[in-house]
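Engineer: Enclosed is the structure file upload_1.pdb (PDB, C-alpha atoms).
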```
ATOM      1  CA  MET A 842     -57.495  -0.556 -33.085
ATOM      2  CA  ILE A 843     -53.694  -0.485 -32.794
ATOM      3  CA  GLU A 844     -51.492  -2.883 -34.722
ATOM      4  CA  ILE A 845     -47.721  -2.790 -34.376
ATOM      5  CA  ASP A 846     -45.674  -3.201 -37.540
ATOM      6  CA  TRP A 847     -42.596  -4.900 -36.102
ATOM      7  CA  ALA A 848     -40.743  -4.798 -39.407
ATOM      8  CA  GLY A 849     -41.108  -1.027 -39.289
ATOM      9  CA  GLU A 850     -39.811  -1.031 -35.730
ATOM     10  CA  ALA A 851     -36.703  -3.106 -36.451
ATOM     11  CA  GLY A 852     -34.355  -0.173 -36.985
ATOM     12  CA  ARG A 853     -35.520   1.594 -33.830
ATOM     13  CA  LEU A 854     -35.017  -1.585 -31.790
ATOM     14  CA  ARG A 855     -31.474  -1.907 -33.142
ATOM     15  CA  THR A 856     -30.754   1.708 -32.169
ATOM     16  CA  SER A 857     -32.159   1.067 -28.711
ATOM     17  CA  ALA A 858     -29.966  -2.018 -28.300
ATOM     18  CA  GLU A 859     -26.890   0.020 -29.144
ATOM     19  CA  GLY A 860     -27.856   2.895 -26.846
ATOM     20  CA  GLU A 861     -28.578   0.638 -23.861
ATOM     21  CA  ALA A 862     -25.356  -1.361 -24.038
ATOM     22  CA  ASP A 863     -24.093  -0.172 -20.643
ATOM     23  CA  TRP A 864     -27.411  -0.881 -18.911
ATOM     24  CA  ASN A 865     -27.630  -4.332 -20.470
ATOM     25  CA  ALA A 866     -24.065  -5.176 -19.452
ATOM     26  CA  ALA A 867     -24.645  -4.070 -15.857
ATOM     27  CA  VAL A 868     -27.860  -6.072 -15.502
ATOM     28  CA  ALA A 869     -26.426  -9.141 -17.233
ATOM     29  CA  ALA A 870     -23.555  -9.160 -14.755
ATOM     30  CA  THR A 871     -26.043  -9.478 -11.879
ATOM     31  CA  LEU A 872     -28.016 -12.287 -13.530
ATOM     32  CA  VAL A 873     -25.434 -14.628 -15.009
ATOM     33  CA  ARG A 874     -23.882 -17.448 -12.974
ATOM     34  CA  ASP A 875     -20.551 -19.135 -13.651
ATOM     35  CA  SER A 876     -22.390 -22.453 -14.007
ATOM     36  CA  ASP A 877     -24.827 -21.223 -16.668
ATOM     37  CA  GLN A 878     -24.564 -23.133 -19.941
ATOM     38  CA  VAL A 879     -27.697 -22.095 -21.860
ATOM     39  CA  LEU A 880     -29.135 -18.577 -21.847
ATOM     40  CA  ALA A 881     -31.950 -17.152 -23.963
ATOM     41  CA  ASP A 882     -33.307 -13.695 -24.775
ATOM     42  CA  VAL A 883     -36.939 -14.144 -25.830
ATOM     43  CA  GLY A 884     -38.433 -11.231 -27.740
ATOM     44  CA  CYS A 885     -34.874 -10.052 -28.242
ATOM     45  CA  GLY A 886     -35.544  -6.908 -30.284
ATOM     46  CA  GLY A 887     -32.227  -5.529 -31.445
ATOM     47  CA  GLY A 888     -30.318  -8.182 -29.500
ATOM     48  CA  GLY A 889     -28.888  -5.884 -26.855
ATOM     49  CA  MET A 890     -29.319  -8.198 -23.878
ATOM     50  CA  ALA A 891     -28.437 -11.304 -25.878
ATOM     51  CA  LYS A 892     -25.093  -9.705 -26.709
ATOM     52  CA  ALA A 893     -24.575  -8.670 -23.077
ATOM     53  CA  LEU A 894     -25.316 -12.205 -21.854
ATOM     54  CA  ALA A 895     -22.837 -13.690 -24.323
ATOM     55  CA  GLU A 896     -20.155 -11.251 -23.203
ATOM     56  CA  ALA A 897     -20.905 -11.921 -19.522
ATOM     57  CA  ARG A 898     -20.693 -15.718 -19.949
ATOM     58  CA  PRO A 899     -18.143 -16.588 -22.647
ATOM     59  CA  GLY A 900     -18.442 -20.154 -23.809
ATOM     60  CA  ALA A 901     -22.123 -20.517 -22.946
ATOM     61  CA  THR A 902     -24.814 -21.051 -25.564
ATOM     62  CA  VAL A 903     -26.821 -17.856 -25.948
ATOM     63  CA  VAL A 904     -29.950 -17.830 -28.120
ATOM     64  CA  ALA A 905     -31.726 -14.684 -29.313
ATOM     65  CA  ILE A 906     -35.364 -15.352 -30.221
ATOM     66  CA  ASP A 907     -37.873 -13.059 -31.890
ATOM     67  CA  ALA A 908     -41.124 -13.515 -33.778
ATOM     68  CA  ASP A 909     -40.344 -11.036 -36.572
ATOM     69  CA  PRO A 910     -37.722 -11.882 -39.214
ATOM     70  CA  ASP A 911     -36.757  -8.244 -39.832
ATOM     71  CA  VAL A 912     -36.242  -7.621 -36.129
ATOM     72  CA  LEU A 913     -34.258 -10.851 -35.853
ATOM     73  CA  GLU A 914     -32.020  -9.804 -38.730
ATOM     74  CA  GLN A 915     -31.159  -6.599 -36.869
ATOM     75  CA  ALA A 916     -30.331  -8.687 -33.790
ATOM     76  CA  ARG A 917     -28.168 -10.987 -35.912
ATOM     77  CA  GLU A 918     -26.188  -8.042 -37.241
ATOM     78  CA  HIS A 919     -25.866  -6.424 -33.809
ATOM     79  CA  THR A 920     -24.663  -9.570 -32.056
ATOM     80  CA  ALA A 921     -22.185 -10.309 -34.859
ATOM     81  CA  GLY A 922     -21.958 -14.072 -34.370
ATOM     82  CA  LEU A 923     -21.826 -14.056 -30.566
ATOM     83  CA  VAL A 924     -25.256 -15.679 -30.282
ATOM     84  CA  ARG A 925     -27.544 -18.018 -32.214
ATOM     85  CA  CYS A 926     -30.628 -16.254 -33.617
ATOM     86  CA  GLU A 927     -33.911 -18.163 -33.952
ATOM     87  CA  LEU A 928     -37.385 -17.245 -35.218
ATOM     88  CA  ALA A 929     -40.208 -18.209 -32.819
ATOM     89  CA  SER A 930     -43.161 -16.639 -31.017
ATOM     90  CA  MET A 931     -44.199 -17.038 -27.388
ATOM     91  CA  ASP A 932     -47.803 -16.789 -28.587
ATOM     92  CA  ASP A 933     -47.361 -20.318 -29.980
ATOM     93  CA  GLY A 934     -46.589 -21.833 -26.579
ATOM     94  CA  ALA A 935     -43.547 -23.555 -25.150
ATOM     95  CA  GLU A 936     -42.667 -26.103 -27.851
ATOM     96  CA  PRO A 937     -41.466 -23.768 -30.635
ATOM     97  CA  LEU A 938     -39.400 -21.904 -28.043
ATOM     98  CA  ARG A 939     -38.011 -25.183 -26.697
ATOM     99  CA  GLU A 940     -36.953 -26.203 -30.202
ATOM    100  CA  ALA A 941     -35.368 -22.798 -30.776
ATOM    101  CA  ILE A 942     -33.342 -22.967 -27.550
ATOM    102  CA  GLY A 943     -32.467 -26.644 -27.977
ATOM    103  CA  ALA A 944     -32.030 -27.477 -24.284
ATOM    104  CA  PRO A 945     -33.427 -26.468 -20.906
ATOM    105  CA  ALA A 946     -32.282 -22.923 -20.171
ATOM    106  CA  ASP A 947     -30.389 -21.778 -17.101
ATOM    107  CA  LEU A 948     -31.545 -18.195 -17.672
ATOM    108  CA  ILE A 949     -34.338 -16.746 -19.793
ATOM    109  CA  TRP A 950     -34.557 -12.992 -20.233
ATOM    110  CA  ALA A 951     -37.665 -11.299 -21.656
ATOM    111  CA  SER A 952     -37.747  -7.509 -21.763
ATOM    112  CA  ALA A 953     -40.924  -5.609 -22.685
ATOM    113  CA  SER A 954     -41.985  -8.604 -24.777
ATOM    114  CA  VAL A 955     -44.434 -10.577 -22.631
ATOM    115  CA  HIS A 956     -46.787  -7.588 -22.516
ATOM    116  CA  HIS A 957     -47.242  -8.019 -26.282
ATOM    117  CA  ALA A 958     -48.543 -11.576 -25.834
ATOM    118  CA  ALA A 959     -52.318 -11.891 -26.040
ATOM    119  CA  ASP A 960     -52.337 -14.070 -22.916
ATOM    120  CA  GLN A 961     -49.524 -12.826 -20.711
ATOM    121  CA  GLN A 962     -49.935 -15.503 -18.040
ATOM    122  CA  ALA A 963     -49.844 -18.243 -20.663
ATOM    123  CA  ALA A 964     -46.649 -16.707 -22.058
ATOM    124  CA  VAL A 965     -45.035 -16.644 -18.595
ATOM    125  CA  ASP A 966     -46.151 -20.261 -18.066
ATOM    126  CA  ALA A 967     -44.544 -21.263 -21.385
ATOM    127  CA  LEU A 968     -41.264 -19.534 -20.554
ATOM    128  CA  ALA A 969     -41.159 -21.106 -17.088
ATOM    129  CA  ARG A 970     -41.485 -24.596 -18.616
ATOM    130  CA  LEU A 971     -38.272 -24.039 -20.557
ATOM    131  CA  LEU A 972     -36.084 -23.677 -17.466
ATOM    132  CA  ALA A 973     -33.660 -26.230 -16.137
ATOM    133  CA  GLY A 974     -33.934 -27.042 -12.442
ATOM    134  CA  GLY A 975     -32.808 -23.960 -10.541
ATOM    135  CA  GLY A 976     -32.951 -21.859 -13.717
ATOM    136  CA  ARG A 977     -34.181 -18.285 -13.629
ATOM    137  CA  LEU A 978     -36.796 -16.399 -15.608
ATOM    138  CA  ALA A 979     -36.195 -12.635 -15.618
ATOM    139  CA  LEU A 980     -38.944 -10.360 -16.926
ATOM    140  CA  ALA A 981     -38.048  -6.718 -17.474
ATOM    141  CA  GLU A 982     -41.463  -5.082 -17.262
ATOM    142  CA  GLY A 983     -42.550  -1.789 -15.786
ATOM    143  CA  GLY A 984     -40.763   0.415 -13.308
ATOM    144  CA  MET A 985     -41.275   4.176 -13.167
ATOM    145  CA  PRO A 986     -41.719   6.623 -16.064
ATOM    146  CA  SER A 987     -38.448   8.219 -17.059
ATOM    147  CA  ARG A 988     -37.890  11.914 -16.446
ATOM    148  CA  GLN A 989     -35.919  13.943 -18.964
ATOM    149  CA  LEU A 990     -37.500  17.388 -19.155
ATOM    150  CA  PRO A 991     -37.828  20.288 -16.705
ATOM    151  CA  TRP A 992     -41.377  20.665 -15.407
ATOM    152  CA  ASP A 993     -41.638  24.170 -16.938
ATOM    153  CA  LEU A 994     -40.142  24.478 -20.409
ATOM    154  CA  GLY A 995     -41.176  28.075 -20.995
ATOM    155  CA  LEU A 996     -43.557  26.910 -23.702
ATOM    156  CA  GLY A 997     -47.101  25.654 -23.220
ATOM    157  CA  GLU A 998     -48.519  24.447 -19.918
ATOM    158  CA  PRO A 999     -46.017  23.055 -17.390
ATOM    159  CA  GLY A1000     -46.066  19.288 -16.861
ATOM    160  CA  LEU A1001     -45.782  18.372 -20.557
ATOM    161  CA  GLU A1002     -43.855  15.151 -19.907
ATOM    162  CA  LEU A1003     -46.380  14.019 -17.283
ATOM    163  CA  ARG A1004     -49.218  14.413 -19.769
ATOM    164  CA  LEU A1005     -47.239  12.452 -22.354
ATOM    165  CA  ASP A1006     -46.936   9.581 -19.857
ATOM    166  CA  VAL A1007     -50.706   9.600 -19.290
ATOM    167  CA  ALA A1008     -51.374   9.563 -23.043
ATOM    168  CA  GLN A1009     -48.957   6.686 -23.551
ATOM    169  CA  ASP A1010     -50.616   4.721 -20.753
ATOM    170  CA  ARG A1011     -53.992   5.127 -22.477
ATOM    171  CA  TRP A1012     -52.390   4.080 -25.791
ATOM    172  CA  PHE A1013     -50.948   0.982 -24.107
ATOM    173  CA  LYS A1014     -54.376  -0.090 -22.843
ATOM    174  CA  VAL A1015     -55.864   0.172 -26.328
ATOM    175  CA  MET A1016     -52.868  -1.719 -27.750
ATOM    176  CA  ARG A1017     -53.460  -4.548 -25.270
ATOM    177  CA  ASP A1018     -57.215  -4.583 -26.007
ATOM    178  CA  SER A1019     -56.469  -4.716 -29.755
ATOM    179  CA  LEU A1020     -54.515  -7.970 -29.548
ATOM    180  CA  PRO A1021     -56.587 -10.860 -30.971
ATOM    181  CA  GLY A1022     -57.739 -13.017 -28.076
ATOM    182  CA  SER A1023     -56.415 -10.558 -25.499
ATOM    183  CA  VAL A1024     -56.718 -11.862 -21.929
ATOM    184  CA  PRO A1025     -56.568  -9.479 -18.950
ATOM    185  CA  MET A1026     -53.912 -10.059 -16.290
ATOM    186  CA  PRO A1027     -55.263  -8.158 -13.266
ATOM    187  CA  TYR A1028     -52.242  -8.762 -11.031
ATOM    188  CA  GLY A1029     -48.542  -8.029 -10.968
ATOM    189  CA  TRP A1030     -45.584  -9.750 -12.568
ATOM    190  CA  THR A1031     -44.390 -11.409  -9.372
ATOM    191  CA  GLU A1032     -47.802 -13.052  -9.027
ATOM    192  CA  ALA A1033     -47.605 -14.193 -12.661
ATOM    193  CA  LEU A1034     -44.221 -15.819 -11.982
ATOM    194  CA  THR A1035     -45.589 -17.508  -8.861
ATOM    195  CA  ARG A1036     -48.630 -18.828 -10.734
ATOM    196  CA  ALA A1037     -46.223 -20.278 -13.305
ATOM    197  CA  GLY A1038     -44.784 -22.486 -10.560
ATOM    198  CA  LEU A1039     -41.587 -20.529  -9.911
ATOM    199  CA  VAL A1040     -40.189 -19.954  -6.424
ATOM    200  CA  ASP A1041     -38.077 -17.348  -4.617
ATOM    201  CA  VAL A1042     -39.769 -14.689  -6.726
ATOM    202  CA  THR A1043     -38.473 -11.169  -6.294
ATOM    203  CA  THR A1044     -38.072  -7.822  -8.047
ATOM    204  CA  ARG A1045     -34.953  -5.760  -8.605
ATOM    205  CA  SER A1046     -35.376  -2.209  -9.795
ATOM    206  CA  VAL A1047     -32.437  -0.577 -11.527
ATOM    207  CA  LEU A1048     -32.001   3.190 -11.398
ATOM    208  CA  SER A1049     -30.163   4.879 -14.245
ATOM    209  CA  GLU A1050     -29.205   8.541 -14.114
ATOM    210  CA  THR A1051     -27.366  10.790 -16.532
ATOM    211  CA  PRO A1052     -27.267  14.361 -15.196
ATOM    212  CA  ALA A1053     -27.342  17.540 -17.241
ATOM    213  CA  PRO A1054     -25.701  18.645 -19.389
ATOM    214  CA  LEU A1055     -25.999  15.618 -21.649
ATOM    215  CA  THR A1056     -23.420  14.809 -24.284
ATOM    216  CA  ALA A1057     -24.426  15.596 -27.847
ATOM    217  CA  GLU A1058     -24.911  11.882 -28.558
ATOM    218  CA  ARG A1059     -27.047  11.309 -25.454
ATOM    219  CA  LEU A1060     -29.094  14.428 -26.156
ATOM    220  CA  ASP A1061     -29.709  13.246 -29.685
ATOM    221  CA  ARG A1062     -31.016   9.897 -28.337
ATOM    222  CA  VAL A1063     -33.367  11.708 -25.956
ATOM    223  CA  VAL A1064     -34.766  13.869 -28.749
ATOM    224  CA  HIS A1065     -35.128  10.837 -31.030
ATOM    225  CA  GLY A1066     -36.976   8.992 -28.264
ATOM    226  CA  PHE A1067     -39.462  11.814 -27.811
ATOM    227  CA  ARG A1068     -39.934  12.101 -31.574
ATOM    228  CA  THR A1069     -40.741   8.379 -31.808
ATOM    229  CA  ARG A1070     -43.273   8.619 -28.982
ATOM    230  CA  ILE A1071     -45.019  11.637 -30.496
ATOM    231  CA  GLU A1072     -45.161  10.032 -33.950
ATOM    232  CA  ARG A1073     -46.742   6.950 -32.362
ATOM    233  CA  LEU A1074     -49.446   9.005 -30.670
ATOM    234  CA  THR A1075     -50.177  11.375 -33.554
ATOM    235  CA  GLY A1076     -49.760   9.003 -36.505
ATOM    236  CA  HIS A1077     -47.380  11.455 -38.162
ATOM    237  CA  GLY A1078     -43.871  10.778 -39.385
ATOM    238  CA  HIS A1079     -42.392   7.675 -40.935
ATOM    239  CA  GLY A1080     -41.113   4.419 -39.553
ATOM    240  CA  HIS A1081     -43.006   4.496 -36.260
ATOM    241  CA  GLY A1082     -44.668   1.277 -37.321
ATOM    242  CA  HIS A1083     -48.071   1.769 -35.734
ATOM    243  CA  ALA A1084     -51.607   2.081 -37.015
ATOM    244  CA  VAL A1085     -53.015   4.764 -34.744
ATOM    245  CA  PRO A1086     -56.769   4.823 -34.089
ATOM    246  CA  ASP A1087     -58.894   7.851 -34.665
ATOM    247  CA  GLU A1088     -58.403   9.116 -31.119
ATOM    248  CA  GLU A1089     -56.905  12.237 -29.652
ATOM    249  CA  TRP A1090     -54.187  11.028 -27.310
ATOM    250  CA  LEU A1091     -52.717  14.482 -26.794
ATOM    251  CA  SER A1092     -54.446  17.842 -26.775
ATOM    252  CA  PRO A1093     -53.945  20.023 -29.884
ATOM    253  CA  GLU A1094     -52.101  22.489 -27.676
ATOM    254  CA  ASP A1095     -49.619  19.858 -26.503
ATOM    255  CA  VAL A1096     -49.160  18.517 -30.047
ATOM    256  CA  ASP A1097     -48.237  22.023 -31.170
ATOM    257  CA  VAL A1098     -45.761  22.392 -28.307
ATOM    258  CA  TRP A1099     -44.132  19.069 -29.189
ATOM    259  CA  ARG A1100     -43.926  20.134 -32.835
ATOM    260  CA  GLN A1101     -41.951  23.208 -31.780
ATOM    261  CA  LEU A1102     -39.750  21.316 -29.329
ATOM    262  CA  LEU A1103     -38.812  18.753 -31.966
ATOM    263  CA  ASP A1104     -38.203  21.205 -34.815
ATOM    264  CA  PRO A1105     -34.421  21.502 -35.348
ATOM    265  CA  GLU A1106     -34.909  24.805 -37.130
ATOM    266  CA  GLY A1107     -37.163  26.337 -34.471
ATOM    267  CA  PRO A1108     -36.207  28.490 -31.472
ATOM    268  CA  TYR A1109     -37.438  25.931 -28.900
ATOM    269  CA  PHE A1110     -35.614  22.830 -30.198
ATOM    270  CA  LEU A1111     -34.863  20.419 -27.347
ATOM    271  CA  GLY A1112     -31.559  19.474 -28.954
ATOM    272  CA  ARG A1113     -30.089  22.855 -28.056
ATOM    273  CA  ARG A1114     -31.057  22.820 -24.381
ATOM    274  CA  THR A1115     -28.484  22.214 -21.656
ATOM    275  CA  ASP A1116     -30.939  21.339 -18.861
ATOM    276  CA  LEU A1117     -32.157  17.944 -20.059
ATOM    277  CA  ALA A1118     -31.207  14.926 -17.945
ATOM    278  CA  VAL A1119     -32.149  11.249 -17.868
ATOM    279  CA  LEU A1120     -33.574   9.528 -14.798
ATOM    280  CA  SER A1121     -35.224   6.139 -15.133
ATOM    281  CA  VAL A1122     -36.128   3.153 -12.970
ATOM    282  CA  ARG A1123     -36.707  -0.182 -14.685
ATOM    283  CA  SER A1124     -37.896  -3.274 -12.851
ATOM    284  CA  VAL A1125     -36.725  -6.862 -13.392
ATOM    285  CA  HIS A1126     -38.954  -9.575 -11.908
ATOM    286  CA  ILE A1127     -37.145 -12.872 -11.281
ATOM    287  CA  GLY A1128     -38.430 -16.354 -10.484
ATOM    288  CA  HIS A1129     -36.531 -19.627  -9.983
ATOM    289  CA  ALA A1130     -37.509 -23.075 -11.228
ATOM    290  CA  PRO A1131     -37.650 -25.640  -8.410
ATOM    291  CA  ARG A1132     -34.697 -28.040  -8.399
TER     292      ARG A1132
END
```
Please lay out the structure from this file as structure tokens.

Structural biologist:
Amino acid sequence: MIEIDWAGEAGRLRTSAEGEADWNAAVAATLVRDSDQVLADVGCGGGGMAKALAEARPGATVVAIDADPDVLEQAREHTAGLVRCELASMDDGAEPLREAIGAPADLIWASASVHHAADQQAAVDALARLLAGGGRLALAEGGMPSRQLPWDLGLGEPGLELRLDVAQDRWFKVMRDSLPGSVPMPYGWTEALTRAGLVDVTTRSVLSETPAPLTAERLDRVVHGFRTRIERLTGHGHGHGHAVPDEEWLSPEDVDVWRQLLDPEGPYFLGRRTDLAVLSVRSVHIGHAPR
């Protein structure tokens, strides 16, 4: 069984919000309309998109909502008074979210949060009911696995990052199955939006690329990201916030390679390489409430 300790994840989510500021700003600019008055970020994490929405639409009401008080506190600090922060969970249906927002929303953003709901379709249905006529629900879910490492690192078997993606996919399935009352959703996000009664449903995928050599700050974020993922899958380290089941997600050989790659004192430390890059594709699925 996997249980996520969101309080333990709060700091990481804040760091992620800070590191993704440019991506959030670019996406917010494509979503926000001049007529928007009420915007909400549901499952806001560190508050990165909530802040971007507030900056893209000055004068609008922007509400950041999360189910964990520690995570919400990080969002409150990050957004520094630009948005209103409210505690509520999409697992409890539409009404607590409606009270938190306070009015029908012109735009609701939910990034990598609906997939933590036990019943994902019910969560999408609840979010859709909060929209004003013509309002949009934007779900940032899925895309393509990011690529940051060369295929052959000169250590261990080539394809290390590919095997990490496979292990994480298996972990994700067990995480979903571990949610109390978990309900399968055997169809895609655009279908979920359509079933929720939304129209003009579409997907926009956003490519982000930072070529090698990375700046020291960007390289540090890449190494930190890999360290977090490995801690999650091995149960080692502190602050990863996950109870990991007694299962071997990665082979002992790959775990040893990752240990060497993430050791700042070792000869293979990723943080000293000049050939790491960042290539990612993230998908945003958008549906419109009928007018």

Engineer: So which residues get picked by the PyMOL selection byres ((chain A and resi 1092-1106) around 8) here, written as a ChimeraX atom specification?

Structural biologist: /A:996-997,1001,1064,1068,1071,1089-1091,1107-1112

Engineer: At a cut-off of 8 Å, using all atoms listed in the file, what residues contact range 924-934 of chain A? Leave out same-chain residues fewer than 4 positions from it and give the result as a count of residues only.

Structural biologist: 27

Engineer: Between A:Glu1072, A:Gln962, A:Asp875, A:Gly922, which one has atoms that come closest to Tyr1028 in chain A, using all atoms listed in the file?

Structural biologist: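 With all atoms listed in the file as the atom set, the closest residue is A:Gln962.
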
Engineer: Neighbouring residues of Leu980 in chain A were defined as those with any atom within 6 Å, considering all atoms listed in the file; residues of the same chain fewer than 2 positions away were excluded. Please report them as a list in words.

Structural biologist: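 Listing them by chain and then by number gives Ala951, Ser952, Glu982, Val1125 and His1126 of chain A.
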
Engineer: Decode the PyMOL selection byres ((chain A and resi 880) around 8) for the given file into explicit residues and return them as an mmCIF file with C-alpha atoms, in the frame of the given file.

Structural biologist:
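Writing done, so here's result-v4.cif:
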```cif
data_model
loop_
_atom_site.group_PDB
_atom_site.id
_atom_site.type_symbol
_atom_site.label_atom_id
_atom_site.label_comp_id
_atom_site.auth_asym_id
_atom_site.auth_seq_id
_atom_site.Cartn_x
_atom_site.Cartn_y
_atom_site.Cartn_z
ATOM 1 C CA ASP A 877 -24.827 -21.223 -16.668
ATOM 2 C CA GLN A 878 -24.564 -23.133 -19.941
ATOM 3 C CA VAL A 879 -27.697 -22.095 -21.860
ATOM 4 C CA ALA A 881 -31.950 -17.152 -23.963
ATOM 5 C CA ASP A 882 -33.307 -13.695 -24.775
ATOM 6 C CA LEU A 894 -25.316 -12.205 -21.854
ATOM 7 C CA ALA A 901 -22.123 -20.517 -22.946
ATOM 8 C CA THR A 902 -24.814 -21.051 -25.564
ATOM 9 C CA VAL A 903 -26.821 -17.856 -25.948
ATOM 10 C CA VAL A 904 -29.950 -17.830 -28.120
ATOM 11 C CA ALA A 946 -32.282 -22.923 -20.171
ATOM 12 C CA ASP A 947 -30.389 -21.778 -17.101
ATOM 13 C CA LEU A 948 -31.545 -18.195 -17.672
ATOM 14 C CA ILE A 949 -34.338 -16.746 -19.793
ATOM 15 C CA TRP A 950 -34.557 -12.992 -20.233
#
```

Engineer: Name the residues, using the chain letters and numbers of the file, that sit within 9 Å of (-38.1, 16.3, -16.2) when counting all atoms listed in the file, and give them as a PyMOL selection string.

Structural biologist: chain A and resi 987-993+1000+1002-1003+1117-1120

Engineer: In Å to one decimal, how far is CA of Glu896 in chain A from CA of Gly976 in chain A?

Structural biologist: 19.1 Å

Engineer: Considering only C-alpha atoms, state which residue in the set A:Pro945, A:Gly887, A:Pro937, A:Gly984 is at the smallest distance from Ala921 in chain A.

Structural biologist: A:Gly887

Engineer: Please, what distance in Å, to one decimal, runs between CA of Arg1132 in chain A and CA of Arg970 in chain A?

Structural biologist: 12.7 Å

Engineer: Would you kindly translate the PyMOL selection byres ((chain A and resi 1062) around 12) into the concrete residues it picks from this file, as a PyMOL selection string?

Structural biologist: chain A and resi 853+856-861+989+1055-1061+1063-1069+1111-1112+1117-1119

Engineer: Considering all atoms listed in the file, state which residue in the set A:Arg898, A:Arg1017, A:Arg855, A:Arg1011 is at the smallest distance from Ile843 in chain A.

Structural biologist: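 The answer is A:Arg1017, which sits nearest to Ile843 in chain A.
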
Engineer: At a cut-off of 6 Å from (-39.9, -2.5, -18.8) in the coordinates of the file, what residues are picked up using all atoms listed in the file, written as a list in words?

Structural biologist: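 Residues satisfying the cut-off, written out: Ala953, Ala981, Glu982, Gly983 and Arg1123 of chain A.
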
Engineer: Please report the interatomic distance between CA of Val955 in chain A and CA of Ser876 in chain A in Å with one decimal.

Structural biologist: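 Separation of CA of Val955 in chain A and CA of Ser876 in chain A: 26.5 Å.
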
Engineer: For a quick check of understanding, using only C-alpha atoms, which of A:Gly1128, A:Pro899, A:Leu978, A:Gly849 has the smallest distance to Val1040 in chain A?

Structural biologist: A:Gly1128

Engineer: Measuring atom to atom with all atoms listed in the file, identify which of A:Ala1008, A:Met1026, A:Leu854, A:Ala893 is nearest to Ala870 in chain A.

Structural biologist: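 Once distances to Ala870 in chain A are computed over all atoms listed in the file, the minimum belongs to A:Ala893.
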
Engineer: With distances taken over only C-alpha atoms, which residue among A:Leu1074, A:Leu1039, A:Ala897, A:Ala867 lies nearest Asp1010 in chain A?

Structural biologist: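 The shortest atom-to-atom distance to Asp1010 in chain A comes from A:Leu1074.
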